[in-house]
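Next comes structure01.cif, a file with mmCIF, C-alpha atoms.
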```
data_target
loop_
_atom_site.group_PDB
_atom_site.id
_atom_site.type_symbol
_atom_site.label_atom_id
_atom_site.label_comp_id
_atom_site.auth_asym_id
_atom_site.auth_seq_id
_atom_site.Cartn_x
_atom_site.Cartn_y
_atom_site.Cartn_z
ATOM 1 C CA MET O 1 4.464 143.176 -100.937
ATOM 2 C CA LEU O 2 0.689 143.281 -100.444
ATOM 3 C CA ARG O 3 0.441 139.507 -100.646
ATOM 4 C CA ARG O 4 3.165 139.005 -98.050
ATOM 5 C CA MET O 5 1.636 141.614 -95.758
ATOM 6 C CA TRP O 6 -1.768 139.921 -95.930
ATOM 7 C CA MET O 7 -0.046 136.584 -95.358
ATOM 8 C CA ILE O 8 1.529 137.892 -92.154
ATOM 9 C CA ARG O 9 -1.717 139.505 -90.951
ATOM 10 C CA ASN O 10 -3.835 136.409 -91.556
ATOM 11 C CA PHE O 11 -1.130 134.119 -90.171
ATOM 12 C CA GLU O 12 -1.039 136.096 -86.937
ATOM 13 C CA LEU O 13 -4.828 136.247 -86.663
ATOM 14 C CA LYS O 14 -4.899 132.457 -87.004
ATOM 15 C CA VAL O 15 -2.137 132.083 -84.430
ATOM 16 C CA MET O 16 -4.194 134.107 -81.967
ATOM 17 C CA GLU O 17 -7.235 131.959 -82.695
ATOM 18 C CA VAL O 18 -5.585 128.560 -82.260
ATOM 19 C CA HIS O 19 -3.559 129.715 -79.245
ATOM 20 C CA ALA O 20 -6.755 130.844 -77.525
ATOM 21 C CA ALA O 21 -8.252 127.440 -78.334
ATOM 22 C CA GLY O 22 -5.312 125.744 -76.617
ATOM 23 C CA GLU O 23 -3.959 124.062 -79.744
ATOM 24 C CA PHE O 24 -0.437 125.068 -78.749
ATOM 25 C CA THR O 25 0.971 126.683 -75.628
ATOM 26 C CA GLY O 26 3.738 129.042 -74.658
ATOM 27 C CA ALA O 27 4.504 132.601 -75.649
ATOM 28 C CA ALA O 28 3.745 134.014 -79.100
ATOM 29 C CA HIS O 29 4.236 137.676 -79.998
ATOM 30 C CA PRO O 30 1.801 138.982 -82.664
ATOM 31 C CA TYR O 31 3.274 141.174 -85.415
ATOM 32 C CA ILE O 32 -0.090 142.720 -86.307
ATOM 33 C CA GLY O 33 0.284 146.394 -87.225
ATOM 34 C CA GLU O 34 3.974 146.169 -88.111
ATOM 35 C CA GLU O 35 3.759 144.242 -91.395
ATOM 36 C CA ALA O 36 5.031 147.083 -93.597
ATOM 37 C CA VAL O 37 8.390 147.229 -91.832
ATOM 38 C CA ALA O 38 9.490 143.674 -92.522
ATOM 39 C CA VAL O 39 7.869 143.360 -95.946
ATOM 40 C CA GLY O 40 9.155 146.703 -97.230
ATOM 41 C CA ALA O 41 12.655 145.953 -95.971
ATOM 42 C CA CYS O 42 12.817 142.357 -97.238
ATOM 43 C CA ALA O 43 11.508 143.401 -100.668
ATOM 44 C CA ALA O 44 14.771 145.321 -101.065
ATOM 45 C CA LEU O 45 16.864 142.209 -100.348
ATOM 46 C CA ASP O 46 17.884 139.221 -102.451
ATOM 47 C CA ASP O 47 17.380 135.606 -101.389
ATOM 48 C CA THR O 48 21.136 135.427 -100.837
ATOM 49 C CA ASP O 49 21.028 138.328 -98.350
ATOM 50 C CA TYR O 50 20.679 137.470 -94.668
ATOM 51 C CA ILE O 51 18.186 138.583 -92.039
ATOM 52 C CA ALA O 52 18.092 137.960 -88.292
ATOM 53 C CA GLY O 53 14.942 138.560 -86.291
ATOM 54 C CA ASN O 54 13.831 138.872 -82.685
ATOM 55 C CA HIS O 55 11.156 137.558 -80.329
ATOM 56 C CA ARG O 56 8.332 139.178 -82.386
ATOM 57 C CA SER O 57 9.424 137.405 -85.505
ATOM 58 C CA HIS O 58 6.747 135.413 -87.309
ATOM 59 C CA GLY O 59 6.537 138.255 -89.813
ATOM 60 C CA HIS O 60 10.230 138.378 -90.729
ATOM 61 C CA PRO O 61 10.556 134.896 -92.300
ATOM 62 C CA ILE O 62 7.247 135.316 -94.157
ATOM 63 C CA ALA O 63 8.408 138.709 -95.439
ATOM 64 C CA LYS O 64 11.618 137.049 -96.714
ATOM 65 C CA GLY O 65 9.619 134.456 -98.634
ATOM 66 C CA GLY O 66 9.468 131.674 -96.051
ATOM 67 C CA ARG O 67 6.814 128.959 -96.025
ATOM 68 C CA VAL O 68 3.829 129.538 -93.759
ATOM 69 C CA ASP O 69 3.138 125.815 -93.370
ATOM 70 C CA LYS O 70 6.614 125.194 -91.939
ATOM 71 C CA ALA O 71 6.262 128.282 -89.739
ATOM 72 C CA MET O 72 2.912 127.133 -88.354
ATOM 73 C CA ALA O 73 4.213 123.600 -87.805
ATOM 74 C CA GLU O 74 7.089 125.033 -85.778
ATOM 75 C CA LEU O 75 4.674 126.929 -83.547
ATOM 76 C CA TYR O 76 2.808 123.654 -82.998
ATOM 77 C CA GLY O 77 6.091 121.949 -82.066
ATOM 78 C CA ARG O 78 5.891 119.463 -84.954
ATOM 79 C CA VAL O 79 8.660 117.737 -86.914
ATOM 80 C CA ASP O 80 7.751 119.444 -90.194
ATOM 81 C CA GLY O 81 8.462 122.856 -88.698
ATOM 82 C CA TYR O 82 11.456 124.980 -89.584
ATOM 83 C CA CYS O 83 13.427 123.660 -86.617
ATOM 84 C CA LYS O 84 11.795 120.207 -86.436
ATOM 85 C CA GLY O 85 9.441 121.443 -83.741
ATOM 86 C CA LYS O 86 12.240 122.171 -81.284
ATOM 87 C CA GLY O 87 12.403 125.947 -81.695
ATOM 88 C CA GLY O 88 8.849 127.169 -81.371
ATOM 89 C CA SER O 89 7.513 130.655 -81.917
ATOM 90 C CA MET O 90 10.773 132.537 -81.414
ATOM 91 C CA HIS O 91 13.079 130.320 -83.470
ATOM 92 C CA LEU O 92 12.401 130.092 -87.202
ATOM 93 C CA ALA O 93 15.344 129.612 -89.560
ATOM 94 C CA ASP O 94 15.823 128.798 -93.243
ATOM 95 C CA TYR O 95 19.334 129.349 -94.553
ATOM 96 C CA SER O 96 18.220 128.624 -98.136
ATOM 97 C CA ILE O 97 16.565 132.040 -98.315
ATOM 98 C CA GLY O 98 18.835 133.834 -95.867
ATOM 99 C CA ILE O 99 16.868 133.521 -92.626
ATOM 100 C CA LEU O 100 19.515 133.158 -89.918
ATOM 101 C CA GLY O 101 16.908 132.728 -87.187
ATOM 102 C CA GLU O 102 15.632 134.641 -84.212
ATOM 103 C CA SER O 103 16.050 134.800 -80.463
ATOM 104 C CA GLY O 104 13.908 135.698 -77.486
ATOM 105 C CA ILE O 105 16.864 137.474 -75.872
ATOM 106 C CA LEU O 106 16.646 141.145 -76.805
ATOM 107 C CA GLY O 107 19.382 142.252 -79.152
ATOM 108 C CA SER O 108 21.103 138.868 -79.188
ATOM 109 C CA SER O 109 20.530 138.171 -82.890
ATOM 110 C CA VAL O 110 22.192 141.454 -83.908
ATOM 111 C CA PRO O 111 25.791 140.214 -83.366
ATOM 112 C CA VAL O 112 24.873 137.076 -85.334
ATOM 113 C CA ALA O 113 23.827 139.225 -88.297
ATOM 114 C CA VAL O 114 27.013 141.275 -87.971
ATOM 115 C CA GLY O 115 28.957 138.018 -88.008
ATOM 116 C CA ALA O 116 27.302 137.152 -91.315
ATOM 117 C CA ALA O 117 28.241 140.580 -92.675
ATOM 118 C CA LEU O 118 31.822 140.019 -91.517
ATOM 119 C CA ALA O 119 31.851 136.689 -93.364
ATOM 120 C CA ALA O 120 30.732 138.457 -96.546
ATOM 121 C CA HIS O 121 33.490 141.017 -96.075
ATOM 122 C CA ILE O 122 36.230 138.446 -95.447
ATOM 123 C CA LYS O 123 35.151 136.102 -98.249
ATOM 124 C CA GLY O 124 34.602 138.909 -100.748
ATOM 125 C CA GLU O 125 30.968 137.944 -101.295
ATOM 126 C CA ASN O 126 28.400 140.563 -102.232
ATOM 127 C CA PHE O 127 25.583 139.778 -99.821
ATOM 128 C CA VAL O 128 24.069 142.128 -97.242
ATOM 129 C CA SER O 129 23.044 141.297 -93.687
ATOM 130 C CA LEU O 130 20.057 142.940 -91.960
ATOM 131 C CA ALA O 131 19.127 142.702 -88.280
ATOM 132 C CA PHE O 132 15.660 143.527 -86.950
ATOM 133 C CA PHE O 133 15.381 144.728 -83.361
ATOM 134 C CA GLY O 134 12.884 146.678 -81.286
ATOM 135 C CA ASP O 135 13.027 149.953 -79.413
ATOM 136 C CA GLY O 136 13.607 148.019 -76.188
ATOM 137 C CA ALA O 137 16.627 146.239 -77.668
ATOM 138 C CA SER O 138 17.984 149.590 -78.854
ATOM 139 C CA ASN O 139 19.337 150.061 -75.319
ATOM 140 C CA GLN O 140 21.147 146.720 -75.200
ATOM 141 C CA GLY O 141 24.927 146.846 -75.085
ATOM 142 C CA ALA O 142 25.264 144.090 -77.689
ATOM 143 C CA LEU O 143 23.561 146.334 -80.243
ATOM 144 C CA HIS O 144 25.918 149.252 -79.636
ATOM 145 C CA GLU O 145 28.994 147.029 -79.734
ATOM 146 C CA SER O 146 27.704 145.581 -83.010
ATOM 147 C CA MET O 147 27.065 148.983 -84.577
ATOM 148 C CA ASN O 148 30.503 150.182 -83.575
ATOM 149 C CA LEU O 149 32.274 147.116 -85.005
ATOM 150 C CA ALA O 150 30.197 147.185 -88.193
ATOM 151 C CA SER O 151 31.262 150.769 -88.762
ATOM 152 C CA VAL O 152 34.921 150.211 -87.808
ATOM 153 C CA TRP O 153 35.108 147.237 -90.175
ATOM 154 C CA ASN O 154 32.943 148.917 -92.859
ATOM 155 C CA LEU O 155 30.623 145.912 -93.071
ATOM 156 C CA PRO O 156 27.645 145.427 -95.448
ATOM 157 C CA MET O 157 25.208 145.665 -92.556
ATOM 158 C CA ILE O 158 21.763 147.211 -92.003
ATOM 159 C CA PHE O 159 20.450 147.777 -88.484
ATOM 160 C CA LEU O 160 16.655 148.061 -88.584
ATOM 161 C CA CYS O 161 14.873 149.243 -85.450
ATOM 162 C CA GLU O 162 11.172 148.410 -85.427
ATOM 163 C CA ASN O 163 10.074 151.147 -83.052
ATOM 164 C CA ASN O 164 6.611 149.957 -82.082
ATOM 165 C CA GLN O 165 6.559 152.478 -79.216
ATOM 166 C CA TYR O 166 6.662 150.058 -76.273
ATOM 167 C CA ALA O 167 9.070 147.571 -74.728
ATOM 168 C CA VAL O 168 6.381 145.337 -73.206
ATOM 169 C CA THR O 169 4.642 148.190 -71.305
ATOM 170 C CA THR O 170 7.358 150.863 -71.213
ATOM 171 C CA SER O 171 7.322 153.717 -73.703
ATOM 172 C CA TYR O 172 10.576 154.198 -75.582
ATOM 173 C CA ALA O 173 10.318 157.921 -74.787
ATOM 174 C CA GLU O 174 11.021 157.053 -71.148
ATOM 175 C CA THR O 175 14.145 155.012 -71.847
ATOM 176 C CA VAL O 176 15.827 156.511 -74.923
ATOM 177 C CA ALA O 177 17.823 159.665 -74.212
ATOM 178 C CA VAL O 178 17.581 161.026 -77.778
ATOM 179 C CA GLU O 179 14.371 161.914 -79.592
ATOM 180 C CA HIS O 180 14.716 159.079 -82.091
ATOM 181 C CA VAL O 181 16.630 155.806 -82.002
ATOM 182 C CA SER O 182 17.995 156.664 -85.456
ATOM 183 C CA ASP O 183 19.725 159.719 -83.949
ATOM 184 C CA ARG O 184 22.231 157.328 -82.388
ATOM 185 C CA ALA O 185 23.685 156.530 -85.807
ATOM 186 C CA SER O 186 25.918 159.591 -85.703
ATOM 187 C CA ALA O 187 27.821 158.121 -82.749
ATOM 188 C CA TYR O 188 28.903 155.255 -84.998
ATOM 189 C CA ASN O 189 29.619 157.286 -88.129
ATOM 190 C CA MET O 190 26.791 155.808 -90.181
ATOM 191 C CA PRO O 191 23.614 157.262 -91.743
ATOM 192 C CA GLY O 192 20.505 157.218 -89.560
ATOM 193 C CA LEU O 193 17.151 157.173 -91.355
ATOM 194 C CA LEU O 194 13.778 157.848 -89.715
ATOM 195 C CA VAL O 195 11.042 156.192 -91.795
ATOM 196 C CA ASP O 196 7.253 155.863 -91.630
ATOM 197 C CA GLY O 197 7.030 152.203 -90.687
ATOM 198 C CA GLN O 198 3.361 152.018 -91.698
ATOM 199 C CA ASP O 199 4.296 152.721 -95.313
ATOM 200 C CA ALA O 200 5.731 149.632 -97.021
ATOM 201 C CA ILE O 201 6.935 151.620 -100.023
ATOM 202 C CA ALA O 202 8.789 154.101 -97.801
ATOM 203 C CA MET O 203 10.433 151.183 -95.992
ATOM 204 C CA TYR O 204 11.378 149.606 -99.323
ATOM 205 C CA GLU O 205 12.934 152.821 -100.612
ATOM 206 C CA ALA O 206 14.925 153.472 -97.424
ATOM 207 C CA THR O 207 16.204 149.894 -97.264
ATOM 208 C CA SER O 208 17.073 149.936 -100.966
ATOM 209 C CA GLU O 209 19.342 152.919 -100.391
ATOM 210 C CA ALA O 210 20.984 151.164 -97.436
ATOM 211 C CA VAL O 211 21.484 148.029 -99.567
ATOM 212 C CA LYS O 212 23.130 150.080 -102.327
ATOM 213 C CA ARG O 213 25.520 151.631 -99.790
ATOM 214 C CA ALA O 214 26.349 148.221 -98.340
ATOM 215 C CA ARG O 215 26.989 146.575 -101.705
ATOM 216 C CA ALA O 216 29.142 149.516 -102.784
ATOM 217 C CA GLY O 217 31.383 149.026 -99.763
ATOM 218 C CA GLU O 218 30.187 152.178 -98.021
ATOM 219 C CA GLY O 219 29.389 150.458 -94.719
ATOM 220 C CA PRO O 220 26.374 150.080 -92.439
ATOM 221 C CA THR O 221 23.142 152.050 -92.040
ATOM 222 C CA LEU O 222 20.727 152.427 -89.121
ATOM 223 C CA ILE O 223 17.038 152.610 -90.104
ATOM 224 C CA GLU O 224 14.252 153.346 -87.629
ATOM 225 C CA GLY O 225 10.777 152.370 -88.789
ATOM 226 C CA LEU O 226 8.124 154.102 -86.687
ATOM 227 C CA THR O 227 5.344 151.554 -86.259
ATOM 228 C CA TYR O 228 2.886 150.214 -83.693
ATOM 229 C CA ARG O 229 1.744 146.857 -82.374
ATOM 230 C CA TYR O 230 -2.021 146.635 -82.194
ATOM 231 C CA GLU O 231 -2.132 143.634 -79.868
ATOM 232 C CA GLU O 232 -0.555 143.152 -76.475
ATOM 233 C CA HIS O 233 3.065 142.157 -75.955
ATOM 234 C CA SER O 234 2.546 138.410 -76.051
ATOM 235 C CA LEU O 235 0.067 135.582 -75.975
ATOM 236 C CA GLY O 236 0.486 133.104 -73.184
ATOM 237 C CA LEU O 237 2.108 135.450 -70.670
ATOM 238 C CA GLY O 238 -1.026 136.855 -69.075
ATOM 239 C CA ARG O 239 -2.995 139.874 -70.195
ATOM 240 C CA VAL O 240 -1.995 143.411 -69.282
ATOM 241 C CA ARG O 241 -4.876 145.850 -69.179
ATOM 242 C CA ARG O 242 -4.249 148.431 -71.865
ATOM 243 C CA GLY O 243 -5.304 151.305 -69.658
ATOM 244 C CA GLU O 244 -2.352 150.560 -67.404
ATOM 245 C CA TYR O 245 0.161 151.844 -69.945
ATOM 246 C CA ARG O 246 -1.630 153.011 -73.109
ATOM 247 C CA GLU O 247 -5.047 154.345 -73.952
ATOM 248 C CA GLN O 248 -7.524 152.870 -76.413
ATOM 249 C CA SER O 249 -7.604 156.227 -78.207
ATOM 250 C CA GLU O 250 -3.909 155.796 -79.017
ATOM 251 C CA ILE O 251 -4.510 152.348 -80.465
ATOM 252 C CA ASP O 252 -7.467 153.640 -82.484
ATOM 253 C CA ALA O 253 -5.359 156.478 -83.904
ATOM 254 C CA TRP O 254 -2.689 154.055 -85.102
ATOM 255 C CA ARG O 255 -5.300 151.684 -86.512
ATOM 256 C CA LYS O 256 -6.407 154.499 -88.808
ATOM 257 C CA ARG O 257 -2.939 154.187 -90.357
ATOM 258 C CA ASP O 258 -3.115 150.449 -90.923
ATOM 259 C CA PRO O 259 -0.181 149.476 -93.186
ATOM 260 C CA LEU O 260 -2.363 147.209 -95.309
ATOM 261 C CA VAL O 261 -4.900 149.954 -95.939
ATOM 262 C CA ILE O 262 -2.137 152.427 -96.804
ATOM 263 C CA LEU O 263 -0.576 150.091 -99.373
ATOM 264 C CA GLU O 264 -3.907 149.073 -100.885
ATOM 265 C CA ASP O 265 -5.019 152.697 -101.207
ATOM 266 C CA THR O 266 -1.731 153.544 -102.915
ATOM 267 C CA LEU O 267 -1.991 150.644 -105.375
ATOM 268 C CA ILE O 268 -5.591 151.502 -106.220
ATOM 269 C CA ALA O 269 -4.917 155.239 -106.553
ATOM 270 C CA GLN O 270 -2.020 154.596 -108.923
ATOM 271 C CA GLY O 271 -4.015 152.142 -111.031
ATOM 272 C CA ILE O 272 -1.719 149.226 -110.178
ATOM 273 C CA ALA O 273 -4.496 147.117 -108.659
ATOM 274 C CA THR O 274 -8.261 147.197 -108.218
ATOM 275 C CA ARG O 275 -10.185 146.793 -104.995
ATOM 276 C CA GLU O 276 -11.318 143.379 -106.217
ATOM 277 C CA GLU O 277 -7.731 142.297 -106.829
ATOM 278 C CA CYS O 278 -6.687 143.427 -103.346
ATOM 279 C CA ASP O 279 -9.605 141.556 -101.795
ATOM 280 C CA ALA O 280 -8.706 138.461 -103.807
ATOM 281 C CA ILE O 281 -5.132 138.557 -102.457
ATOM 282 C CA ASN O 282 -6.501 138.729 -98.928
ATOM 283 C CA ALA O 283 -8.822 135.775 -99.551
ATOM 284 C CA GLU O 284 -6.027 133.707 -101.119
ATOM 285 C CA THR O 285 -3.790 134.196 -98.100
ATOM 286 C CA VAL O 286 -6.620 133.272 -95.718
ATOM 287 C CA GLU O 287 -6.969 129.986 -97.606
ATOM 288 C CA GLU O 288 -3.220 129.374 -97.601
ATOM 289 C CA VAL O 289 -3.020 129.983 -93.841
ATOM 290 C CA GLU O 290 -5.895 127.538 -93.271
ATOM 291 C CA LYS O 291 -3.997 124.903 -95.269
ATOM 292 C CA ALA O 292 -0.849 125.683 -93.292
ATOM 293 C CA THR O 293 -2.739 125.157 -90.040
ATOM 294 C CA ASP O 294 -4.059 121.786 -91.198
ATOM 295 C CA PHE O 295 -0.495 120.883 -92.250
ATOM 296 C CA ALA O 296 0.717 121.722 -88.749
ATOM 297 C CA ARG O 297 -2.069 119.794 -87.036
ATOM 298 C CA ASN O 298 -1.322 116.683 -89.095
ATOM 299 C CA SER O 299 2.431 116.781 -88.601
ATOM 300 C CA PRO O 300 3.740 114.444 -85.852
ATOM 301 C CA PHE O 301 5.579 115.512 -82.738
ATOM 302 C CA PRO O 302 9.317 114.752 -82.510
ATOM 303 C CA GLU O 303 10.136 111.363 -81.014
ATOM 304 C CA PRO O 304 11.526 111.404 -77.459
ATOM 305 C CA GLU O 305 14.812 109.872 -78.626
ATOM 306 C CA GLU O 306 15.362 112.930 -80.862
ATOM 307 C CA LEU O 307 15.659 115.187 -77.821
ATOM 308 C CA PHE O 308 19.434 115.533 -77.947
ATOM 309 C CA GLU O 309 19.754 115.679 -81.734
ATOM 310 C CA ASP O 310 20.500 119.012 -83.435
ATOM 311 C CA MET O 311 22.094 120.492 -80.331
ATOM 312 C CA TRP O 312 25.468 120.783 -82.082
ATOM 313 C CA ALA O 313 26.449 121.603 -85.651
ATOM 314 C CA ASP O 314 28.646 118.505 -85.882
ATOM 315 C CA GLU O 315 28.827 115.253 -84.024
ATOM 316 C CA ILE O 316 31.307 115.514 -81.154
ATOM 317 C CA PRO O 317 34.011 112.833 -81.615
ATOM 318 C CA LEU O 318 34.772 110.518 -78.728
ATOM 319 C CA PRO O 319 38.182 111.031 -77.063
#
```
So, in terms of structure tokens, how does the structure I just supplied come out?
Amino acid sequence: MLRRMWMIRNFELKVMEVHAAGEFTGAAHPYIGEEAVAVGACAALDDTDYIAGNHRSHGHPIAKGGRVDKAMAELYGRVDGYCKGKGGSMHLADYSIGILGESGILGSSVPVAVGAALAAHIKGENFVSLAFFGDGASNQGALHESMNLASVWNLPMIFLCENNQYAVTTSYAETVAVEHVSDRASAYNMPGLLVDGQDAIAMYEATSEAVKRARAGEGPTLIEGLTYRYEEHSLGLGRVRRGEYREQSEIDAWRKRDPLVILEDTLIAQGIATREECDAINAETVEEVEKATDFARNSPFPEPEELFEDMWADEIPLP
């Protein structure tokens, strides 16, 4: 878990660096500060289990065991990326390890994940489907329809809200009628768990329980991981001054609960790892991200004639 969390952190730091240098353009949503949510949750899943992400989704594929070189190449729009350079920052998919993909439309990947859970149910297969979504997406109708159907059909589904406190610049406290997003679970007859999203082990334990319920045929679970994004909403969409919607003191307070520091302190305190070993993991991931960036830079762009390829699952027959 520590290695994957450092991989996400150093990947995102590199993304910010190369984006600022103009090496690729467009939006990119840093996951810095939220690493424990995805890594803790995905550590409780098997490769055959499915996940679906959202617009802030570089961390989800990496947490599931995805390749950082293919992820970086996709951000650069190159053919060696996960989607052959045609998806970009918000569209990373690898079915071989259960990554269904992501979407920039809030809440839109949740019904896709529920569809995967329905497939498991119909086919009698024992895999679990997990959908990540933010506090902003928690108000989308597609999410509530999905939770209702998952409960009615008793599907092996986990709904995981990454409550990072803000939907762009709007506090969830101003838009959610209940105190916690997880309180909404009772409306759909499923457990609702409120978890410290800065603690990877707590996220792992909560998700493990939800996975056990799902595999046992006991239906879906809603988990809310309380977390925080340290950076602004997105790169490439203009900068919002933090003082307009949140204070620096708030950011500083959350930075004192950095998920990487929490996990490292726990590992060291329990004698599982030394400080030197933790530092070595960090250094190794820095090196791997540098190699991934060089891989992306050296990968070619798609050819113009490939523009209309991959738009459909199968070739459309002529009449």
Note to self: Please determine, counting all atoms listed in the file, which residue among O:Asn139, O:Glu224, O:Tyr76, O:Asn126 has the shortest atom-to-atom distance to Ala177 in chain O.
What the structure shows: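 The closest residue to Ala177 in chain O is O:Asn139.
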Next item on the list: Check the smallest atom-to-atom distance from each of O:Pro220, O:Gly134, O:Gly22, O:Pro302 to Glu34 in chain O using only C-alpha atoms, then report the winner.
Entry: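 Of the candidates, the smallest distance to Glu34 in chain O is held by O:Gly134.
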Per-residue nearest contacts range 159-200 of chain O to range 108-123 of chain O, cut-off 12 Å, using all atoms listed in the file, as a Markdown table:
```
| residue | atom | partner | partner_atom | distance |
| --- | --- | --- | --- | --- |
| O:Phe159 | CA | O:Val110 | CA | 8.0 |
| O:Leu160 | CA | O:Val110 | CA | 9.8 |
| O:Cys161 | CA | O:Val110 | CA | 10.8 |
```
Reference answer for the PyMOL selection byres ((chain O and resi 267-281) around 12), as a compact mmCIF listing (two decimals) with C-alpha atoms, in the coordinates of the input:
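Printed below is selection-v8.txt as written:
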```txt
# COMPACT_ATOMS: atom_id res chain seq x y z
CA MET O 1 4.46 143.18 -100.94
CA LEU O 2 0.69 143.28 -100.44
CA ARG O 3 0.44 139.51 -100.65
CA ARG O 4 3.16 139.00 -98.05
CA MET O 5 1.64 141.61 -95.76
CA TRP O 6 -1.77 139.92 -95.93
CA MET O 7 -0.05 136.58 -95.36
CA ASN O 10 -3.84 136.41 -91.56
CA ALA O 200 5.73 149.63 -97.02
CA ILE O 201 6.94 151.62 -100.02
CA LEU O 260 -2.36 147.21 -95.31
CA VAL O 261 -4.90 149.95 -95.94
CA ILE O 262 -2.14 152.43 -96.80
CA LEU O 263 -0.58 150.09 -99.37
CA GLU O 264 -3.91 149.07 -100.88
CA ASP O 265 -5.02 152.70 -101.21
CA THR O 266 -1.73 153.54 -102.92
CA ASN O 282 -6.50 138.73 -98.93
CA ALA O 283 -8.82 135.78 -99.55
CA GLU O 284 -6.03 133.71 -101.12
CA THR O 285 -3.79 134.20 -98.10
CA VAL O 286 -6.62 133.27 -95.72
CA GLU O 287 -6.97 129.99 -97.61
CA GLU O 288 -3.22 129.37 -97.60
```
Notebook entry, point to check: Once the PyMOL selection byres ((chain O and resi 59) around 10) has been applied to the shown file, what residues remain in the selection, as a list in words?
Noted result: Arg4, Met5, Met7, Ile8, Arg9, Phe11, Glu12, Pro30, Tyr31, Ile32, Glu34, Glu35, Ala36, Val37, Ala38, Val39, Gly53, Arg56, Ser57, His58, His60, Pro61, Ile62, Ala63, Lys64, Gly66, Val68 and Ala71 of chain O
Keeping only C-alpha atoms, take the residues you just selected and write them out as a PDB file, keeping the file's coordinate frame.
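Saved as again.pdb:
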```
ATOM      1  CA  ARG O   4       3.165 139.005 -98.050  1.00  0.00           C
ATOM      2  CA  MET O   5       1.636 141.614 -95.758  1.00  0.00           C
ATOM      3  CA  MET O   7      -0.046 136.584 -95.358  1.00  0.00           C
ATOM      4  CA  ILE O   8       1.529 137.892 -92.154  1.00  0.00           C
ATOM      5  CA  ARG O   9      -1.717 139.505 -90.951  1.00  0.00           C
ATOM      6  CA  PHE O  11      -1.130 134.119 -90.171  1.00  0.00           C
ATOM      7  CA  GLU O  12      -1.039 136.096 -86.937  1.00  0.00           C
ATOM      8  CA  PRO O  30       1.801 138.982 -82.664  1.00  0.00           C
ATOM      9  CA  TYR O  31       3.274 141.174 -85.415  1.00  0.00           C
ATOM     10  CA  ILE O  32      -0.090 142.720 -86.307  1.00  0.00           C
ATOM     11  CA  GLU O  34       3.974 146.169 -88.111  1.00  0.00           C
ATOM     12  CA  GLU O  35       3.759 144.242 -91.395  1.00  0.00           C
ATOM     13  CA  ALA O  36       5.031 147.083 -93.597  1.00  0.00           C
ATOM     14  CA  VAL O  37       8.390 147.229 -91.832  1.00  0.00           C
ATOM     15  CA  ALA O  38       9.490 143.674 -92.522  1.00  0.00           C
ATOM     16  CA  VAL O  39       7.869 143.360 -95.946  1.00  0.00           C
ATOM     17  CA  GLY O  53      14.942 138.560 -86.291  1.00  0.00           C
ATOM     18  CA  ARG O  56       8.332 139.178 -82.386  1.00  0.00           C
ATOM     19  CA  SER O  57       9.424 137.405 -85.505  1.00  0.00           C
ATOM     20  CA  HIS O  58       6.747 135.413 -87.309  1.00  0.00           C
ATOM     21  CA  HIS O  60      10.230 138.378 -90.729  1.00  0.00           C
ATOM     22  CA  PRO O  61      10.556 134.896 -92.300  1.00  0.00           C
ATOM     23  CA  ILE O  62       7.247 135.316 -94.157  1.00  0.00           C
ATOM     24  CA  ALA O  63       8.408 138.709 -95.439  1.00  0.00           C
ATOM     25  CA  LYS O  64      11.618 137.049 -96.714  1.00  0.00           C
ATOM     26  CA  GLY O  66       9.468 131.674 -96.051  1.00  0.00           C
ATOM     27  CA  VAL O  68       3.829 129.538 -93.759  1.00  0.00           C
ATOM     28  CA  ALA O  71       6.262 128.282 -89.739  1.00  0.00           C
TER      29      ALA O  71
END
```
